[in-house]
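Below: one structure, written as C-alpha cells.
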Amino acid sequence: MTHASARDEVLARIGHALSGTPAPVEVPRAYRRTGEHPPGAPELLRLLTDRLVDYRATVHAASPQTVEPVLAAVLGGLDRVVVPPGLPVGWRPAGAVVDDGTLSPAELDRVDAVLTACTAAAAGTGTIVLDGSPDQGRRAITLVPDRHVCVVHAAQVVQTVPELLARVDPRRPLTFISGPSATSDIELQRVEGVHGPRTLIVVLVADG
Amino acid sequence: MSEVFLGMPAHAPADVAALHAARPFPAAARDALADPQLRRNIGAATATIRGKRAHVVAELDDWEQLRLAGQAVKAATMSRLDEHLRRLEQEVTARGGTVHWARDAAEANRIVTGLVRATGADEVVKVKSMVTQEIGLNEALAEAGIAAWETDLAELIVQLGHDTPSHILVPAIHRNRAEIREIFLREMPGADPALTDDPRALAMAARAHLRRKFLTARVAVSGANFAVADTGTLLVVESEGNGRMCLTLPDTLITVMGIEKVVPTWADLEVFLQLLPRSSTGERMNPYTSAWTGVVPGDGPQEFHLVLLDNGRTAVLADEVGREALHCIRCSACLNVCPVYERTGGHAYGSVYPGPIGAVLTPLLTGTAGNPSLPYASTLCGACFDACPVRIDIPSLLVHLRSRTTQERALPSAEAVAMAAASWVMASPWRFGWAGRLARLGRLFARRGRIRRLPPPLSAWTTARDAPAPPPQTFRDWWRENRGQP
C-alpha cells in the first residue's frame with residue numbers, strides 16, 4: 001500500500017512540477033561521434049598502447065601467430081591461472097582452472113591471475129570492455145584475482161567513446177576497464193592498485 | 001504544520017540533517033578560515049586537480065559540443081521525467097529487479113532497512129554514494145543494528161575518523177597523508193604500527209582492511225551515476241574496484257538513486273562518460289565503470305532492488321529556473337575552481353553537497369528558508385559555470401535564490417533599507433550632490449586609503465572586506481573647478 005502510494009505520489013508531484021513546461025529542444029550532437037581512423041588502424045593500436053601505459057598497465061604486442069607464445073611467456077611461472085569456459089583452448093596455460101561458476105570469492109582470491117578476451121576497446125581513452133561472454137566469463141573472475149591478462153584483437157579497437165558504446169549491448173553485465181585499479185583519494189595523488197586487480201597486462205593482437 | 005496536498009512537489013523534510021546547516025555559512029566559514037592546516041590541505045588538493053582537469057579537457061577539440069549536448073540531454077530528460085522513470089521501472093522489473101519509490105529520506109531508509117533485514121544480514125558493504133549520505137542511511141541502519149561498511153578509500157577515512165564528507169568526489173580532501181596515517185593507526189584493527197604516510201602504503205592498508213569484508217559480504221548498498229530508461233541499465237563510475245566488489249560479489253544489491261539520475265537512452269552515455277571523468281578526477285577515463293541490467297543468472301547479485309528517491313527533487317523541478325540544478329552529475333569540478341570553497345573547505349556549507357553546486361542545490365532541495373545563507377556563499381565570479389560539464393549556470397541560480405531569500409524575509413534587510421535610501425538620494429541631483437560631499441566624512445575612518453572597519457550597521461560590509469576611502473573631492477566639485485564654464 002505505502003509502496004504503491006509513494007510511486008503514485010512521486011509521479012504526481014513530477015506531473016505538477018512540469019505543468020506548463022514548453023517542449024524540450026533537440027539535443028545538438030555536434031561532438032565527434034566517429035574517429036578519423038577505422039577500427040584496428042595501426043594509429044589506434046599505438047594510441048591504445050600509449051593510453052594503457054599511461055595508466056601503468058603493461059602492453060605486449062602479438063600477431064595471430066605469436067599470441068600463444070606471448071601468453072605463455074606472460075603467464076609463465078604463475079601456479080594458478082583461472083580462465084573463462086569459452087577461452088580459446090590454445091591460449092590456456094597448462095593446469096589452468098576453467099571457471100564453472102562454482103569458485104567462491106575466497107577461492108578466486110587464491111588464484112594468481114585470470115586470462116580473458118574482451119568485447120571492444122576505445123583507443124582515445126584506453127578503455128577495454130568485458131561483457132560476460134563465454135571468452136570473458138562472469139564478473140567475479142576478472143575482479144578478485146590480483147593480475148588480469150586480457151587479449152585485445154585489433155579489429156575490436158575503435159577510436160572514440162561513442163563508437164565503443166555502439167559496439168556493446170547494455171543489457172549484458174558490462175565492465176569498462178581503463179588501467180589497473182587506482183585511487184586519488186589521498187591528496188589527489190594517483191596511486192595504482194587498490195581493490196581491483198593491481199596488475200593489468202594487455203596482449204594486443206594485430207591483424208594477421 | 002501546513003496542509004499537504006497529494007501530488008504537490010515537496011521540499012526535503014526539515015529532519016534531513018545532511019541537508020540542513022546547523023550554523024549559517026559565515027559563522028562556519030570563519031572557523032574554517034582560522035584553520036591553517038585545513039586551508040593548506042584543500043589549497044594543495046584543489047590546485048592539483050585543477051591542473052589535471054585543464055590538461056585532459058584541452059585534449060578534446062569537441063569539449064564545448066559535448067557540454068552543449070550534455071546540457072540538452074539533461075534538459076530534455078527533466079521535461080519528461082515521469083515518462084523516463086516509468087520506462088526505467090518497467091525495464092528493471094522485466095529483467096528481474098524490484099523497483100521501490102521513496103517520497104523522502106525517512107521512507108528510503110525504511111525501505112532499505114527492511115530489505116537488509118529480510119536477508120538476515122547484520123552488515124552491508126557500501127559503494128561511495130552521495131544520495132545515501134544525503135538521507136543518512138548509515139545512521140538509520142545503525143539504529144536497526146545493521147553495520148554499514150564504507151569501502152571507498154576517502155569514505156573509509158571519513159568513517160574511521162568519525163568525520164563528515166567535505167567534497168563530493170574526495171570526501172576526505174580536508175585530510176593530509178599524516179592525518180590519514182594517524183586515523184588508520186588509531187581506528188583500523190590490526191594496523192601495522194610501522195605504517196608510513198606514503199599514499200601507496202595507506203592505500204594498501206585499506207585494501208588489506210576491506211579484503212575480507214568484500215569476500216564475505218552478503219548485501220551491498222550503492223548509489224548510481226546514471227540509469228538508462230530505455231534499457232533499464234544502472235551505472236556506477238569508480239576508480240578503486242571497491243564498487244565492482246560491492247556490485248559483483250554479494251547475493252543482494254540495493255541501489256538508491258535520486259530520480260534525476262535517469263537518462264533516456266544508452267547512446268546518451270557517450271556524452272556523459274566523456275564529460276564526467278575528465279571533469280572529476282582529471283582522467284581520460286576512470287579505471288572502472290560497471291553497468292548492469294536487472295539480474296544476470298550466474299553472474300553477480302541474484303537479488304536486485306532499486307530505490308527511486310524524491311526527497312525535495314520534485315520541488316527543485318517545480319522551480320523553472322532552479323530546475324537546472326538537477327542536471328548536476330556530481331563531478332565536483334565547480335568545487336575545485338571555486339575561490340570560496342578553496343578557502344573554507346566543504347564543512348562550512350553544512351550540507352552533504354558543498355561548493356557552488358551545493359550552495360544552490362541544498363537550498364533548492366530544502367527551500368531557501370532551510371538554508372538562507374548558502375546562496376550568499378559565493379563571489380559570483382563565474383568560474384563554476386565555465387568548469388561545469390553540463391553548463392549549469394550556477395551564478396544565475398545563486399542570484400535567483402538570493403532574490404527569493406530577500407522576498408521571504410519578514411523584515412526588510414539592512415541591504416534593502418540601504419537600497420531604498422540610495423534610490424531616494426539618486427532621484428534628486430541636489431540630494432546626490434550633497435550625499436557625495438557627506439561621503440567625504442568616511443575619510444575619518446580610513447587608514448592609508450582603505451577603510452577596514454565601520455560602525456554598525458555598515459560593519460556588515462567591512463567585516464569581510466575593506467572599502468576604499470572616499471576621495472577628498474567629489475567628481476562634481478572637480479568638474480566645476482576644472483571644466484566648468486566661467
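Order determines the names: the first chain of the C-alpha cells is A, the second B, and so forth; residues in each chain are numbered 1 upward, and ligands are numbered 1 upward as they are shown.
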
What are the residues of chain B that have an atom within 6 Å of an atom of chain A, counting only C-alpha atoms, as a VMD selection string?
-> chain B and resid 7 to 9 45 62 65 to 66 69 72 to 73 76 82 101 to 103 154 170 200 207 215 239 to 242 270 284 to 285 287 to 293 299 314 317 to 318

Write out, as a compact mmCIF listing (two decimals), in the first residue's frame, the residues just selected, with N, CA, C and O atoms.
```txt
# COMPACT_ATOMS: atom_id res chain seq x y z
N GLY B 7 0.45 14.87 -4.20
CA GLY B 7 0.99 15.12 -5.52
C GLY B 7 1.58 16.49 -5.71
O GLY B 7 2.02 16.82 -6.79
N MET B 8 1.61 17.33 -4.66
CA MET B 8 2.27 18.63 -4.80
C MET B 8 3.77 18.44 -4.55
O MET B 8 4.16 17.76 -3.61
N PRO B 9 4.61 19.05 -5.42
CA PRO B 9 6.05 18.92 -5.21
C PRO B 9 6.44 19.33 -3.80
O PRO B 9 5.91 20.31 -3.28
N ALA B 45 45.24 20.29 -2.66
CA ALA B 45 44.48 19.27 -3.40
C ALA B 45 43.72 19.89 -4.57
O ALA B 45 43.71 19.34 -5.67
N ASP B 62 36.35 18.90 -29.15
CA ASP B 62 34.88 19.00 -29.18
C ASP B 62 34.29 19.12 -27.76
O ASP B 62 33.13 18.78 -27.53
N GLN B 65 31.13 21.18 -27.59
CA GLN B 65 30.00 20.47 -28.20
C GLN B 65 29.48 19.38 -27.25
O GLN B 65 28.28 19.14 -27.18
N LEU B 66 30.40 18.75 -26.53
CA LEU B 66 29.97 17.74 -25.54
C LEU B 66 29.19 18.40 -24.41
O LEU B 66 28.16 17.88 -23.95
N ALA B 69 25.74 19.24 -25.60
CA ALA B 69 24.92 18.03 -25.69
C ALA B 69 24.50 17.56 -24.31
O ALA B 69 23.34 17.19 -24.08
N ALA B 72 21.73 19.70 -22.99
CA ALA B 72 20.45 19.47 -23.67
C ALA B 72 19.85 18.12 -23.29
O ALA B 72 18.63 18.00 -23.11
N VAL B 73 20.70 17.09 -23.15
CA VAL B 73 20.16 15.78 -22.75
C VAL B 73 19.49 15.89 -21.39
O VAL B 73 18.39 15.36 -21.17
N ALA B 76 16.23 17.87 -21.66
CA ALA B 76 15.20 17.04 -22.30
C ALA B 76 14.71 15.97 -21.34
O ALA B 76 13.50 15.66 -21.29
N ASP B 82 8.78 12.02 -15.67
CA ASP B 82 7.86 10.95 -15.26
C ASP B 82 7.85 9.79 -16.27
O ASP B 82 7.90 8.63 -15.89
N TRP B 101 9.79 3.11 -4.51
CA TRP B 101 9.75 4.57 -4.60
C TRP B 101 9.74 5.13 -3.19
O TRP B 101 9.06 4.60 -2.30
N ALA B 102 10.46 6.24 -2.99
CA ALA B 102 10.52 6.86 -1.66
C ALA B 102 10.29 8.35 -1.80
O ALA B 102 10.96 9.02 -2.58
N ARG B 103 9.30 8.86 -1.03
CA ARG B 103 9.00 10.29 -1.08
C ARG B 103 10.09 11.11 -0.41
O ARG B 103 10.37 12.22 -0.81
N ALA B 154 38.29 7.25 0.48
CA ALA B 154 38.03 8.53 1.15
C ALA B 154 36.87 8.42 2.13
O ALA B 154 36.90 8.99 3.22
N VAL B 170 36.01 13.57 -3.39
CA VAL B 170 37.04 13.14 -2.44
C VAL B 170 36.61 13.60 -1.05
O VAL B 170 37.06 14.63 -0.56
N ARG B 200 50.72 5.24 -1.17
CA ARG B 200 50.62 3.84 -1.60
C ARG B 200 50.48 2.91 -0.40
O ARG B 200 49.65 2.00 -0.38
N ARG B 207 43.29 -1.69 1.50
CA ARG B 207 43.00 -2.93 0.76
C ARG B 207 42.96 -4.13 1.71
O ARG B 207 42.01 -4.91 1.71
N LEU B 215 34.96 -10.25 0.49
CA LEU B 215 34.85 -11.66 0.11
C LEU B 215 33.71 -12.36 0.84
O LEU B 215 33.27 -13.43 0.41
N SER B 239 36.94 4.19 -9.30
CA SER B 239 38.37 4.05 -9.58
C SER B 239 39.01 2.85 -8.91
O SER B 239 39.88 2.21 -9.48
N GLU B 240 38.61 2.55 -7.69
CA GLU B 240 39.40 1.64 -6.87
C GLU B 240 39.09 0.16 -7.08
O GLU B 240 39.90 -0.70 -6.77
N GLY B 241 37.86 -0.12 -7.56
CA GLY B 241 37.43 -1.50 -7.65
C GLY B 241 36.56 -1.90 -6.47
O GLY B 241 35.99 -2.99 -6.44
N ASN B 242 36.44 -1.00 -5.48
CA ASN B 242 35.52 -1.29 -4.37
C ASN B 242 34.08 -1.33 -4.88
O ASN B 242 33.26 -2.12 -4.40
N GLU B 270 27.31 8.27 -24.16
CA GLU B 270 28.53 8.59 -24.92
C GLU B 270 28.97 10.03 -24.62
O GLU B 270 30.12 10.38 -24.78
N ARG B 284 41.32 10.70 -18.48
CA ARG B 284 40.63 10.48 -19.76
C ARG B 284 39.45 9.55 -19.54
O ARG B 284 38.40 9.68 -20.15
N MET B 285 39.66 8.56 -18.69
CA MET B 285 38.57 7.67 -18.29
C MET B 285 38.91 7.16 -16.89
O MET B 285 40.08 6.94 -16.58
N PRO B 287 39.21 4.37 -13.93
CA PRO B 287 39.62 2.96 -14.09
C PRO B 287 38.46 1.98 -14.32
O PRO B 287 38.56 1.11 -15.17
N TYR B 288 37.36 2.12 -13.58
CA TYR B 288 36.28 1.14 -13.74
C TYR B 288 34.91 1.80 -13.85
O TYR B 288 34.58 2.68 -13.06
N THR B 289 34.12 1.32 -14.81
CA THR B 289 32.70 1.64 -14.83
C THR B 289 31.94 0.33 -14.94
O THR B 289 32.24 -0.50 -15.81
N SER B 290 30.99 0.13 -14.03
CA SER B 290 30.17 -1.09 -14.07
C SER B 290 28.78 -0.72 -14.56
O SER B 290 28.22 0.30 -14.14
N ALA B 291 28.24 -1.55 -15.46
CA ALA B 291 26.87 -1.35 -15.93
C ALA B 291 26.13 -2.68 -15.80
O ALA B 291 26.67 -3.72 -16.18
N TRP B 292 24.93 -2.65 -15.21
CA TRP B 292 24.17 -3.89 -15.06
C TRP B 292 22.69 -3.62 -15.28
O TRP B 292 22.21 -2.51 -15.03
N THR B 293 22.00 -4.63 -15.73
CA THR B 293 20.58 -4.50 -16.03
C THR B 293 19.84 -5.62 -15.32
O THR B 293 20.00 -6.79 -15.67
N ASP B 299 25.75 -14.59 -12.63
CA ASP B 299 26.77 -13.54 -12.64
C ASP B 299 26.31 -12.37 -11.77
O ASP B 299 25.41 -11.64 -12.13
N THR B 314 11.42 16.95 -6.50
CA THR B 314 10.26 17.46 -7.26
C THR B 314 10.05 18.95 -7.00
O THR B 314 9.58 19.67 -7.88
N LEU B 317 12.37 20.61 -9.29
CA LEU B 317 11.84 20.51 -10.65
C LEU B 317 10.73 21.54 -10.88
O LEU B 317 10.58 22.06 -11.99
N ALA B 318 9.98 21.84 -9.84
CA ALA B 318 8.87 22.78 -9.97
C ALA B 318 9.35 24.22 -10.13
O ALA B 318 8.60 25.09 -10.55
```

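Nearest to B:Phe184 of all the residues B:Ala32, B:Tyr353, B:His167, B:Leu153 is B:Leu153, counting only C-alpha atoms.
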
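Within stretch 285-320 of chain B, DSSP applied to the backbone places the following residues in strand (DSSP E): Tyr288, Thr289, Ser290, Ala291, Trp292, Thr293, Glu303, Phe304, His305, Leu306, Val307, Leu308 and Leu309 of chain B.
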
Could you save the residues just selected, with C-alpha atoms, as a tab-separated table (two decimals), in the first residue's frame?
```tsv
chain	number	residue	atom	x	y	z
B	288	TYR	CA	36.28	1.14	-13.74
B	289	THR	CA	32.70	1.64	-14.83
B	290	SER	CA	30.17	-1.09	-14.07
B	291	ALA	CA	26.87	-1.35	-15.93
B	292	TRP	CA	24.17	-3.89	-15.06
B	293	THR	CA	20.58	-4.50	-16.03
B	303	GLU	CA	18.53	-10.15	-5.98
B	304	PHE	CA	18.46	-6.50	-7.11
B	305	HIS	CA	16.44	-3.63	-5.63
B	306	LEU	CA	16.31	-0.09	-6.99
B	307	VAL	CA	15.03	2.66	-4.68
B	308	LEU	CA	13.96	5.82	-6.53
B	309	LEU	CA	14.14	8.84	-4.22
```

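Our summary of the geometry notes that atom CA of B:His100 is positioned 13.6 Å from atom CA of B:Gly294.
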
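Nearest residue to B:Leu68, choosing from B:Lys52, B:Asn336, B:Leu275, B:Pro429 and counting only C-alpha atoms: B:Leu275.
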
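Taking atom CA of B:Gly436 as the reference point, atom CA of B:Ile451 is found at 16.7 Å.
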
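Those residues that approach B:Ile42 to within 7 Å, counting only C-alpha atoms, are Ile173, His174, Glu342 and Gly345 of chain B; same-chain residues fewer than 6 positions away are not listed.
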
Hey, what's within 9 Å of A:Val151 if we count only C-alpha atoms and toss same-chain stuff fewer than 5 positions away? As a list of chain:residue names, please?
-> A:Val67, A:Leu71, A:Leu115, A:Thr116, A:Ala117, A:Cys118, A:Ile201, A:Val202, A:Val203, A:Leu204, A:Val205

Those same residues - all heavy atoms - I'd like them written as a compact mmCIF listing (two decimals), in the first residue's frame.
```txt
# COMPACT_ATOMS: atom_id res chain seq x y z
N VAL A 67 50.46 -15.09 -30.63
CA VAL A 67 49.69 -14.83 -29.42
C VAL A 67 49.88 -15.94 -28.38
O VAL A 67 50.03 -15.66 -27.18
CB VAL A 67 48.20 -14.57 -29.73
CG1 VAL A 67 47.55 -15.77 -30.39
CG2 VAL A 67 47.43 -14.15 -28.49
N LEU A 71 51.42 -15.29 -24.68
CA LEU A 71 50.64 -15.57 -23.47
C LEU A 71 51.41 -16.53 -22.55
O LEU A 71 51.42 -16.36 -21.33
CB LEU A 71 49.29 -16.18 -23.83
CG LEU A 71 48.25 -15.20 -24.40
CD1 LEU A 71 47.00 -15.93 -24.86
CD2 LEU A 71 47.89 -14.13 -23.37
N LEU A 115 42.94 -14.96 -17.14
CA LEU A 115 43.20 -14.67 -18.55
C LEU A 115 41.87 -14.64 -19.29
O LEU A 115 41.10 -15.61 -19.22
CB LEU A 115 44.11 -15.75 -19.15
CG LEU A 115 44.25 -15.77 -20.68
CD1 LEU A 115 44.89 -14.48 -21.18
CD2 LEU A 115 45.07 -16.99 -21.13
N THR A 116 41.57 -13.52 -19.99
CA THR A 116 40.30 -13.41 -20.72
C THR A 116 40.52 -12.75 -22.08
O THR A 116 41.56 -12.15 -22.34
CB THR A 116 39.27 -12.53 -19.97
OG1 THR A 116 39.70 -11.17 -20.01
CG2 THR A 116 39.08 -12.97 -18.54
N ALA A 117 39.49 -12.82 -22.90
CA ALA A 117 39.39 -11.99 -24.10
C ALA A 117 38.62 -10.72 -23.70
O ALA A 117 38.40 -10.48 -22.51
CB ALA A 117 38.65 -12.76 -25.19
N CYS A 118 38.20 -9.90 -24.67
CA CYS A 118 37.38 -8.73 -24.37
C CYS A 118 36.34 -8.54 -25.46
O CYS A 118 36.32 -9.28 -26.45
CB CYS A 118 38.23 -7.48 -24.20
SG CYS A 118 38.80 -6.76 -25.75
N ILE A 201 47.62 -6.61 -17.62
CA ILE A 201 48.52 -6.89 -18.73
C ILE A 201 47.65 -7.09 -19.97
O ILE A 201 46.74 -7.93 -19.98
CB ILE A 201 49.37 -8.15 -18.47
CG1 ILE A 201 50.24 -7.93 -17.22
CG2 ILE A 201 50.22 -8.50 -19.68
CD1 ILE A 201 50.91 -9.20 -16.71
N VAL A 202 47.91 -6.30 -21.00
CA VAL A 202 47.11 -6.38 -22.23
C VAL A 202 47.98 -6.98 -23.32
O VAL A 202 49.10 -6.52 -23.55
CB VAL A 202 46.60 -4.99 -22.64
CG1 VAL A 202 45.87 -5.06 -23.98
CG2 VAL A 202 45.66 -4.44 -21.56
N VAL A 203 47.44 -7.99 -23.98
CA VAL A 203 48.13 -8.56 -25.15
C VAL A 203 47.34 -8.11 -26.38
O VAL A 203 46.17 -8.46 -26.55
CB VAL A 203 48.21 -10.10 -25.07
CG1 VAL A 203 48.81 -10.68 -26.35
CG2 VAL A 203 49.03 -10.51 -23.84
N LEU A 204 47.98 -7.25 -27.17
CA LEU A 204 47.30 -6.61 -28.29
C LEU A 204 47.68 -7.34 -29.58
O LEU A 204 48.85 -7.34 -29.99
CB LEU A 204 47.75 -5.14 -28.33
CG LEU A 204 47.07 -4.19 -29.29
CD1 LEU A 204 45.55 -4.26 -29.17
CD2 LEU A 204 47.55 -2.76 -29.02
N VAL A 205 46.68 -7.97 -30.18
CA VAL A 205 46.95 -8.85 -31.33
C VAL A 205 46.63 -8.11 -32.63
O VAL A 205 45.47 -7.78 -32.91
CB VAL A 205 46.09 -10.13 -31.24
CG1 VAL A 205 46.47 -11.09 -32.36
CG2 VAL A 205 46.26 -10.79 -29.88
```

Applying 8 Å and only C-alpha atoms, which residues near stretch 111-125 of chain B remain after dropping the ones on its own chain fewer than 5 positions away? List them as a compact mmCIF listing (two decimals) with N, CA, C and O atoms, in the first residue's frame.
```
# COMPACT_ATOMS: atom_id res chain seq x y z
N HIS B 100 11.46 0.30 -6.01
CA HIS B 100 10.76 0.91 -4.87
C HIS B 100 10.80 2.42 -5.06
O HIS B 100 11.73 2.95 -5.65
N ALA B 102 10.46 6.24 -2.99
CA ALA B 102 10.52 6.86 -1.66
C ALA B 102 10.29 8.35 -1.80
O ALA B 102 10.96 9.02 -2.58
N ALA B 140 20.66 5.39 9.99
CA ALA B 140 19.39 4.66 10.09
C ALA B 140 19.65 3.16 10.22
O ALA B 140 18.99 2.46 10.99
N LEU B 141 20.62 2.65 9.45
CA LEU B 141 20.95 1.22 9.53
C LEU B 141 21.51 0.89 10.92
O LEU B 141 21.17 -0.14 11.50
N ALA B 144 19.04 0.29 13.44
CA ALA B 144 18.38 -1.00 13.27
C ALA B 144 19.34 -2.15 13.56
O ALA B 144 19.02 -3.31 13.30
N GLY B 145 20.55 -1.83 14.06
CA GLY B 145 21.51 -2.88 14.40
C GLY B 145 22.26 -3.43 13.20
O GLY B 145 22.81 -4.53 13.25
N ILE B 146 22.29 -2.68 12.09
CA ILE B 146 22.99 -3.13 10.89
C ILE B 146 24.22 -2.25 10.67
O ILE B 146 24.11 -1.02 10.62
N ALA B 147 25.39 -2.88 10.58
CA ALA B 147 26.63 -2.12 10.37
C ALA B 147 26.81 -1.85 8.89
O ALA B 147 26.66 -2.75 8.06
N ALA B 148 27.14 -0.61 8.55
CA ALA B 148 27.41 -0.24 7.16
C ALA B 148 28.89 0.05 7.01
O ALA B 148 29.43 0.92 7.69
N TRP B 149 29.55 -0.67 6.11
CA TRP B 149 31.00 -0.50 5.91
C TRP B 149 31.23 0.30 4.65
O TRP B 149 30.94 -0.17 3.55
N GLU B 150 31.77 1.52 4.80
CA GLU B 150 32.13 2.31 3.63
C GLU B 150 33.39 1.70 3.01
O GLU B 150 34.34 1.39 3.73
N THR B 151 33.42 1.54 1.69
CA THR B 151 34.55 0.85 1.07
C THR B 151 35.39 1.75 0.16
O THR B 151 36.49 1.38 -0.23
N LYS B 213 36.03 -8.31 4.17
CA LYS B 213 34.64 -7.82 4.10
C LYS B 213 34.06 -8.08 2.71
O LYS B 213 32.94 -8.56 2.56
N PHE B 214 34.84 -7.73 1.69
CA PHE B 214 34.35 -7.92 0.32
C PHE B 214 34.06 -9.38 0.03
O PHE B 214 33.06 -9.72 -0.60
N ALA B 217 30.83 -10.48 2.18
CA ALA B 217 29.60 -9.67 2.29
C ALA B 217 28.44 -10.33 1.55
O ALA B 217 28.61 -10.89 0.47
N ARG B 218 27.26 -10.26 2.16
CA ARG B 218 26.06 -10.84 1.52
C ARG B 218 25.17 -9.77 0.92
O ARG B 218 24.35 -10.05 0.05
N VAL B 219 25.28 -8.53 1.43
CA VAL B 219 24.43 -7.45 0.95
C VAL B 219 25.29 -6.21 0.67
O VAL B 219 26.16 -5.87 1.46
N ALA B 220 25.02 -5.57 -0.46
CA ALA B 220 25.71 -4.32 -0.78
C ALA B 220 24.68 -3.21 -1.02
O ALA B 220 23.57 -3.49 -1.48
N VAL B 221 25.08 -1.99 -0.69
CA VAL B 221 24.25 -0.82 -0.99
C VAL B 221 25.08 0.12 -1.84
O VAL B 221 26.24 0.42 -1.52
N CYS B 246 31.48 -4.54 -4.56
CA CYS B 246 30.14 -4.46 -3.98
C CYS B 246 29.06 -4.84 -4.98
O CYS B 246 28.04 -5.42 -4.62
N ILE B 254 21.33 -3.44 -3.30
CA ILE B 254 20.30 -2.41 -3.14
C ILE B 254 20.88 -1.09 -3.63
O ILE B 254 21.89 -0.63 -3.10
N VAL B 307 15.87 1.72 -5.44
CA VAL B 307 15.03 2.66 -4.68
C VAL B 307 15.12 4.03 -5.35
O VAL B 307 16.21 4.62 -5.42
```
